[in-house]
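Enquirer: Data: start_35.pdb, PDB, C-alpha atoms.
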```
ATOM      1  CA  MET A 209       0.000   0.000   0.000
ATOM      2  CA  PRO A 210       1.385   3.457  -0.842
ATOM      3  CA  ARG A 211       2.325   6.005   1.774
ATOM      4  CA  ILE A 212       1.076   9.534   2.409
ATOM      5  CA  LEU A 213       3.703  12.268   2.620
ATOM      6  CA  ALA A 214       3.236  15.508   4.578
ATOM      7  CA  PHE A 215       5.128  18.791   4.420
ATOM      8  CA  ASP A 216       5.703  21.531   6.959
ATOM      9  CA  TYR A 217       7.010  24.119   4.507
ATOM     10  CA  GLY A 218       9.387  26.857   5.491
ATOM     11  CA  THR A 219      11.609  29.053   3.349
ATOM     12  CA  LYS A 220      14.703  27.661   5.117
ATOM     13  CA  ARG A 221      13.598  24.072   5.765
ATOM     14  CA  ILE A 222      10.818  21.686   4.867
ATOM     15  CA  GLY A 223       9.868  19.134   7.490
ATOM     16  CA  LEU A 224       8.735  15.822   6.001
ATOM     17  CA  ALA A 225       6.618  13.113   7.576
ATOM     18  CA  VAL A 226       5.301   9.886   6.110
ATOM     19  CA  THR A 227       2.844   7.141   6.950
ATOM     20  CA  ASP A 228       3.778   3.517   7.234
ATOM     21  CA  PRO A 229       2.650   1.390   4.239
ATOM     22  CA  LEU A 230      -0.638   0.525   5.998
ATOM     23  CA  GLN A 231      -1.268   4.238   6.670
ATOM     24  CA  ILE A 232      -1.718   3.704  10.399
ATOM     25  CA  ILE A 233       1.264   5.557  11.871
ATOM     26  CA  ALA A 234       2.737   8.961  10.989
ATOM     27  CA  THR A 235       6.500   9.255  11.411
ATOM     28  CA  GLY A 236       8.953  12.073  10.859
ATOM     29  CA  LEU A 237      11.003  11.385   7.742
ATOM     30  CA  ASP A 238      13.544  14.149   7.238
ATOM     31  CA  THR A 239      14.166  17.855   6.824
ATOM     32  CA  VAL A 240      15.334  19.265   3.495
ATOM     33  CA  HIS A 241      16.159  22.673   2.082
ATOM     34  CA  PRO A 242      13.422  23.879  -0.303
ATOM     35  CA  LYS A 243      15.817  23.944  -3.273
ATOM     36  CA  ASP A 244      16.655  20.267  -2.676
ATOM     37  CA  ALA A 245      13.090  19.023  -2.136
ATOM     38  CA  ILE A 246      12.273  17.871  -5.692
ATOM     39  CA  GLU A 247      15.478  15.862  -6.064
ATOM     40  CA  TYR A 248      14.972  14.383  -2.596
ATOM     41  CA  LEU A 249      11.450  13.291  -3.510
ATOM     42  CA  LYS A 250      12.523  11.818  -6.853
ATOM     43  CA  LYS A 251      15.068   9.654  -5.016
ATOM     44  CA  TYR A 252      12.513   8.720  -2.367
ATOM     45  CA  PHE A 253      10.032   7.642  -5.053
ATOM     46  CA  LEU A 254      12.589   5.183  -6.431
ATOM     47  CA  THR A 255      11.972   2.969  -3.395
ATOM     48  CA  GLU A 256       8.584   4.083  -2.041
ATOM     49  CA  GLN A 257       5.132   4.679  -3.482
ATOM     50  CA  VAL A 258       3.281   7.797  -2.367
ATOM     51  CA  GLU A 259      -0.433   8.210  -2.996
ATOM     52  CA  ALA A 260      -0.986  11.723  -1.603
ATOM     53  CA  PHE A 261       0.734  14.902  -0.471
ATOM     54  CA  VAL A 262      -0.501  16.781   2.601
ATOM     55  CA  PHE A 263       0.488  20.393   3.173
ATOM     56  CA  GLY A 264       0.212  22.512   6.252
ATOM     57  CA  ASP A 265      -1.991  25.465   5.314
ATOM     58  CA  PRO A 266      -0.537  28.506   7.093
ATOM     59  CA  LYS A 267      -3.276  30.702   8.499
ATOM     60  CA  GLN A 268      -3.481  33.556  10.924
ATOM     61  CA  MET A 269      -5.665  33.322  14.010
ATOM     62  CA  ASP A 270      -8.612  34.898  12.165
ATOM     63  CA  GLY A 271      -8.411  32.232   9.435
ATOM     64  CA  THR A 272      -6.910  34.427   6.733
ATOM     65  CA  PRO A 273      -3.778  33.213   4.905
ATOM     66  CA  SER A 274      -0.518  34.075   6.641
ATOM     67  CA  ASP A 275       2.425  35.746   4.924
ATOM     68  CA  SER A 276       4.042  32.377   4.254
ATOM     69  CA  ALA A 277       0.979  30.982   2.436
ATOM     70  CA  GLN A 278       2.215  32.192  -0.953
ATOM     71  CA  HIS A 279       5.462  30.229  -0.519
ATOM     72  CA  VAL A 280       3.650  27.025   0.403
ATOM     73  CA  LYS A 281       1.237  27.432  -2.532
ATOM     74  CA  GLY A 282       4.199  27.969  -4.873
ATOM     75  CA  PHE A 283       5.862  24.808  -3.578
ATOM     76  CA  ALA A 284       2.609  22.863  -4.016
ATOM     77  CA  LYS A 285       2.364  24.129  -7.613
ATOM     78  CA  THR A 286       5.887  22.934  -8.311
ATOM     79  CA  LEU A 287       5.040  19.515  -6.891
ATOM     80  CA  ARG A 288       1.849  19.377  -8.970
ATOM     81  CA  ARG A 289       3.857  20.051 -12.144
ATOM     82  CA  THR A 290       6.551  17.532 -11.201
ATOM     83  CA  PHE A 291       4.242  14.815  -9.824
ATOM     84  CA  PRO A 292       0.875  15.479 -11.543
ATOM     85  CA  ASP A 293      -0.694  12.142 -10.564
ATOM     86  CA  ILE A 294      -0.345  12.661  -6.810
ATOM     87  CA  PRO A 295      -3.349  14.406  -5.231
ATOM     88  CA  GLN A 296      -2.779  17.214  -2.753
ATOM     89  CA  TYR A 297      -4.586  17.908   0.508
ATOM     90  CA  TRP A 298      -4.396  20.845   2.901
ATOM     91  CA  ILE A 299      -4.580  20.845   6.703
ATOM     92  CA  ASP A 300      -4.807  23.940   8.903
ATOM     93  CA  GLU A 301      -1.372  24.149  10.490
ATOM     94  CA  ARG A 302      -2.136  26.688  13.181
ATOM     95  CA  PHE A 303      -0.505  25.587  16.424
ATOM     96  CA  THR A 304       1.500  22.714  14.862
ATOM     97  CA  SER A 305       4.852  24.386  15.526
ATOM     98  CA  LYS A 306       3.771  25.182  19.074
ATOM     99  CA  LEU A 307       2.679  21.568  19.579
ATOM    100  CA  ALA A 308       5.986  20.404  18.114
ATOM    101  CA  HIS A 309       7.890  22.584  20.616
ATOM    102  CA  GLN A 310       5.767  21.218  23.481
ATOM    103  CA  THR A 311       6.388  17.651  22.328
ATOM    104  CA  ILE A 312      10.124  18.253  22.294
ATOM    105  CA  MET A 313      10.043  19.909  25.739
ATOM    106  CA  GLN A 314       8.174  16.920  27.176
ATOM    107  CA  SER A 315      10.448  14.386  25.508
ATOM    108  CA  GLY A 316      13.256  14.760  28.038
ATOM    109  CA  LEU A 317      15.857  15.741  25.437
ATOM    110  CA  LYS A 318      18.850  17.776  26.492
ATOM    111  CA  LYS A 319      18.688  21.529  25.877
ATOM    112  CA  HIS A 320      21.028  21.360  22.862
ATOM    113  CA  ASP A 321      18.863  18.683  21.219
ATOM    114  CA  ARG A 322      15.648  20.613  21.999
ATOM    115  CA  GLN A 323      16.977  23.636  20.109
ATOM    116  CA  ASN A 324      17.366  21.671  16.871
ATOM    117  CA  LYS A 325      15.024  23.522  14.486
ATOM    118  CA  GLU A 326      15.049  20.644  12.011
ATOM    119  CA  ARG A 327      13.537  18.401  14.675
ATOM    120  CA  VAL A 328      10.738  20.939  15.227
ATOM    121  CA  ASP A 329       9.972  21.008  11.481
ATOM    122  CA  THR A 330       9.862  17.215  11.226
ATOM    123  CA  ILE A 331       7.600  16.920  14.285
ATOM    124  CA  ALA A 332       5.327  19.673  12.907
ATOM    125  CA  ALA A 333       5.036  17.723   9.625
ATOM    126  CA  THR A 334       4.180  14.610  11.642
ATOM    127  CA  ILE A 335       1.434  16.497  13.504
ATOM    128  CA  ILE A 336       0.027  17.775  10.180
ATOM    129  CA  LEU A 337      -0.019  14.204   8.878
ATOM    130  CA  GLN A 338      -1.669  12.895  12.040
ATOM    131  CA  TYR A 339      -4.412  15.536  11.737
ATOM    132  CA  PHE A 340      -4.982  14.499   8.130
ATOM    133  CA  MET A 341      -5.153  10.806   9.030
ATOM    134  CA  GLU A 342      -7.618  11.484  11.858
ATOM    135  CA  GLN A 343      -9.895  13.492   9.568
ATOM    136  CA  HIS A 344      -9.904  10.803   6.891
ATOM    137  CA  ARG A 345     -10.557   7.845   9.205
ATOM    138  CA  LEU A 346     -14.059   9.063  10.073
TER
END
```
Just give me the structure as structure tokens.
Expert:
Amino acid sequence: MPRILAFDYGTKRIGLAVTDPLQIIATGLDTVHPKDAIEYLKKYFLTEQVEAFVFGDPKQMDGTPSDSAQHVKGFAKTLRRTFPDIPQYWIDERFTSKLAHQTIMQSGLKKHDRQNKERVDTIAATIILQYFMEQHRL
């Protein structure tokens, strides 16, 4: 069974998370620089099948798009051109970074490890993917 891949897009880093083949568990995959994302995904697709992309939809508290929304939409467009057969889904990402920080704080990691921004991005992508999976299990 193919996997589902989620993105927590940032202009410096993209956090990636993926489901297991049975689409039961969401796991952090990696963090990549935006300019390297397409090549990374092409290599990943050599060994894994992906049936859907899930993006964090950046919104402000009032529900309007945040300043970073245009960057995420541009990235999604690039993925649509490169991988036209993979459907795309959007999940409200408000609070995912905050939840990622809380998860790291509660994990018992040392201060140096807690400050790893790549870890926050990967955990945020995992939270986005978990939200998506919960919504689609109903």
Enquirer: Please, what distance in Å, to one decimal, runs between atom CA of His344 of chain A and atom CA of Glu256 of chain A?
Expert: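 Computing the Euclidean distance for atom CA of His344 of chain A and atom CA of Glu256 of chain A yields 21.6 Å.
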Enquirer: Considering all atoms listed in the file, return as a list in words whatever protein or nucleic-acid residues lie within 9 Å of segment 276-293 of chain A, sequence-local ones (same chain, fewer than 2 positions apart) excluded.
Expert: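 Counting all atoms listed in the file, the residues come to Asp216, Tyr217, Gly218, Thr219, Pro242, Ile246, Glu259, Ala260, Phe261, Phe263, Gly264, Asp265, Pro266, Lys267, Pro273, Ser274, Pro295 and Gln296 of chain A.
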Enquirer: From the set A:Ala245, A:Val240, A:Ala234, A:Val328, which residue has the shortest atom-to-atom contact distance to Phe340 of chain A, counting all atoms listed in the file?
Expert: A:Ala234
Enquirer: For Met341 of chain A, which residue among A:Ala225, A:Leu254, A:Met209, A:Ile232 is the nearest when counting all atoms listed in the file?
Expert: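 Once distances to Met341 of chain A are computed over all atoms listed in the file, the minimum belongs to A:Ile232.
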Enquirer: With only C-alpha atoms as the basis for distance, which of A:Tyr339, A:Tyr248, A:Tyr297, A:Phe253 is at the shortest distance from Leu224 of chain A?
Expert: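 The answer is A:Tyr248, which sits nearest to Leu224 of chain A.
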Enquirer: Once the PyMOL selection byres ((chain A and resi 227) around 9) has been evaluated on this model, what residues remain selected, and can you format them as a list in words?
Expert: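 Checking the PyMOL selection byres ((chain A and resi 227) around 9) against this file, the residues are Pro210, Arg211, Ile212, Leu213, Ala214, Ala225, Val226, Asp228, Pro229, Leu230, Gln231, Ile232, Ile233, Ala234, Thr235, Gly236, Thr334, Leu337 and Gln338 of chain A.
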Enquirer: One decimal, Å: what's the distance from atom CA of Ala332 of chain A over to atom CA of Trp298 of chain A, could you say?
Expert: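 About the pair atom CA of Ala332 of chain A and atom CA of Trp298 of chain A: they are 14.0 Å apart.
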Enquirer: What does the distance from atom CA of Lys251 of chain A to atom CA of Ile336 of chain A come to in Å, to one decimal?
Expert: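 Result for atom CA of Lys251 of chain A versus atom CA of Ile336 of chain A: 22.9 Å, one decimal.
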